[in-house]
Amino acid sequence: MIRVIDLHIAFGQNKVLRGINLTLKKGETLVVIGQSGSGKSVLIKHLIGLIKPDKGEVYIDGVEITRLKDDELHKITRRFGLLFQGTALFDSMTVAQNVSFGLERYTDLSREEIQERVNENLALVGLRGIENLMPYELSGGMKKRVGLARAIAYRPDIILYDEPSTGIDPIRADAINDLIIRMKHELNVSTVIITHDMTSAYKVADKIAMLYAGRIIEEGVPADIKKSQNPVVQQFIRGRAKGPIAKW
Amino acid sequence: MQAKSPFRYFSSFFQQTGEVGLLLFKTFKNLFKKPWEKKIFLQQLEEVGVKSLPVVSLTAAFGGLVFGLQTYVGFHRYIGPGSETYGGPIISLGLTKELIPILVGLMVSGRVGSAIAAEIGTMKITEQIDALFSLGANPIRYLVVPRTLACMIMLPCLTMYGDVIGIAGGFFYNVYIMGVNRVLYIRYTLLYIQMWDVLSGLIKAVIFGMVIAIISCWQGLKTEGGAEGVGKATTQTVVVASIIILIVNFFLSRALPG
């Protein structure tokens, strides 16, 4: 479904990704962990074509997307749902308009069906009766959940979550984990999640990959990651201040 | 702080010119592609056109008045009393071909261009443009095309409106304040002013509209670095668009016949 081959990107002198290789099968959930600023969000933006790599390839169902023209790329990106780290809600639109944005443009649903789908998705993330509020009237956690409702509203094949539990209380965060698992089972979506939250990672992941110094240094099922002999991985998953990462 | 070398200035100038050219090309390429963002286009027509009417009314009226004043003084002093009636065509020509298109262009670049740059710039730094992209919407088609079309349509409309107000201002000053013969003033104006004079001003306005929209969208789309970046993009838009309008105006005045 998704295949990343030898992905490199640098911003000025800062080489952020230095040869990433990843594979994600249909219906699989991959969690990418790593320090803040290690390039996780940059990696996720490559998957949807928001950033073009300096070198390397990204395949979505066998189609190499890094060299596609805008219109062809947009046909592919419509298959994605992306939850942004900072929510990226359209601040000139109401909650309902945000959630229905993709539905209105790219589905044949009637106005009533769209309304129904908006309510259904907001209910899924535990928000009801806020359809007519503007994003500035919402708390950080509510914005995050509206962003999530928008990302899943038109039932994409692939959902990318950039830190879905950041800024949300632990109970809501766990509810979001359940929602991610439910989306996977009910709709058989492929999922890539970026997170620092190891509790979430262990709960939702089929595979975990650790990004460090621009490379994937460890990849495996959660049990393998827990048992990893790599001191960098161990320091990160145990959240220790002292260790090899601090020296880097 | 280290000074920028002349080579860097040149390379940065060419790079930026290339960016603007590419955005212009992409905008025209997407002009007639579906889906058309009708709702945003209508909103922008209102934003650029209807909401600019007060500021255009004031600048055109006072532009016409002061132009009328100086024309009166010029004729009275250098040709002699009674010759002020010839001010009518001079005022109309100057206003329709030069002053009103430029005043409208500068006012709209200040009022609308800065707003477009700030809006798109804020969308850029809060990842809303990335969100548009991720939802399958082409940001050029969604953001730049409706604004460019609205500016290219509304600028000539505002200019035409400004022409009427400005000419009325010049007429009011000469006829009602200075007592110039009303019949002769109107007669000479109608005799010497040609349709092309008005049209050439409107052609300029279409191009100024394109300049304002493209520069402001370009500045917005390349905004970086938070609130400071948005402020910078806004200021740059007004400065760059105003300078380009003044430069382009000279070349258009040379190029357009009559």
# chains A, B, ... in the order shown; residues from 1 in each chain; ligands from 1
$ closest_atom_pairs --of "chain B" --to "chain A" --cutoff "10 Å" --atoms "only C-alpha atoms" --output "tab-separated table"
residue	atom	partner	partner_atom	distance
B:Pro35	CA	A:Arg105	CA	8.1
B:Glu119	CA	A:Ser92	CA	9.7
B:Thr122	CA	A:Asp91	CA	9.7
B:Met123	CA	A:Phe90	CA	7.9
B:Lys124	CA	A:Ala88	CA	9.5
B:Ile125	CA	A:Ala88	CA	9.3
B:Thr126	CA	A:Ala88	CA	5.8
B:Glu127	CA	A:Ala88	CA	5.2
B:Gln128	CA	A:Ala88	CA	4.8
B:Ile129	CA	A:Ala88	CA	8.3
B:Asp130	CA	A:Leu50	CA	6.8
B:Ala131	CA	A:Ala88	CA	6.3
B:Leu132	CA	A:Phe90	CA	8.7
B:Phe133	CA	A:His74	CA	7.4
B:Ser134	CA	A:Thr77	CA	5.8
B:Leu135	CA	A:Gly102	CA	5.7
B:Gly136	CA	A:Arg78	CA	4.7
B:Ala137	CA	A:His74	CA	7.0
B:Asn138	CA	A:His74	CA	7.2
$ residues_around --residues "Gly62 in chain A" --least-positions-apart "5" --cutoff "9 Å" --atoms "only C-alpha atoms" --output "PyMOL selection string"
chain A and resi 1-3
$ atom_distance --atom1 "CA of Thr107 in chain A" --atom2 "CA of Leu122 in chain A"
18.5 Å
$ residues_around --residues "Ala213 in chain B" --least-positions-apart "4" --cutoff "8 Å" --atoms "only C-alpha atoms" --output "list of chain:residue names"
B:Gly113, B:Ile116, B:Val144, B:Arg147, B:Thr148, B:Cys151, B:Gly209, B:Cys217
$ select_by_dssp --residues "range 25-65 of chain A" --states "strand (DSSP E)" --output "NGL selection string"
:A and (29-33 or 55-60 or 63-64)
$ select_by_dssp --residues "range 16-252 of chain B" --states "alpha helix (DSSP H)" --output "PyMOL selection string"
chain B and resi 16-30+38-48+53-74+87-94+100-108+114-125+128-134+139+145-171+182-192+195-221+226-252
$ atom_distance --atom1 "CA of Leu22 in chain A" --atom2 "CA of Val4 in chain A"
4.9 Å
$ closest_residue --among "A:Gly34, A:Pro231, A:Gly19, A:Gly239" --to "Glu163 in chain A" --atoms "only C-alpha atoms"
A:Gly34
$ residues_around --residues "Gln16 in chain B" --least-positions-apart "5" --cutoff "12 Å" --atoms "only C-alpha atoms" --output "count of residues only"
12
$ atom_distance --atom1 "CA of Gly179 in chain B" --atom2 "CA of Asp197 in chain B"
26.7 Å
$ residues_around --residues "Ser165 in chain A" --least-positions-apart "2" --cutoff "12 Å" --atoms "only C-alpha atoms" --output "number ranges by chain"
A: 83-87, 140-145, 147-148, 161-163, 167-180, 193-201
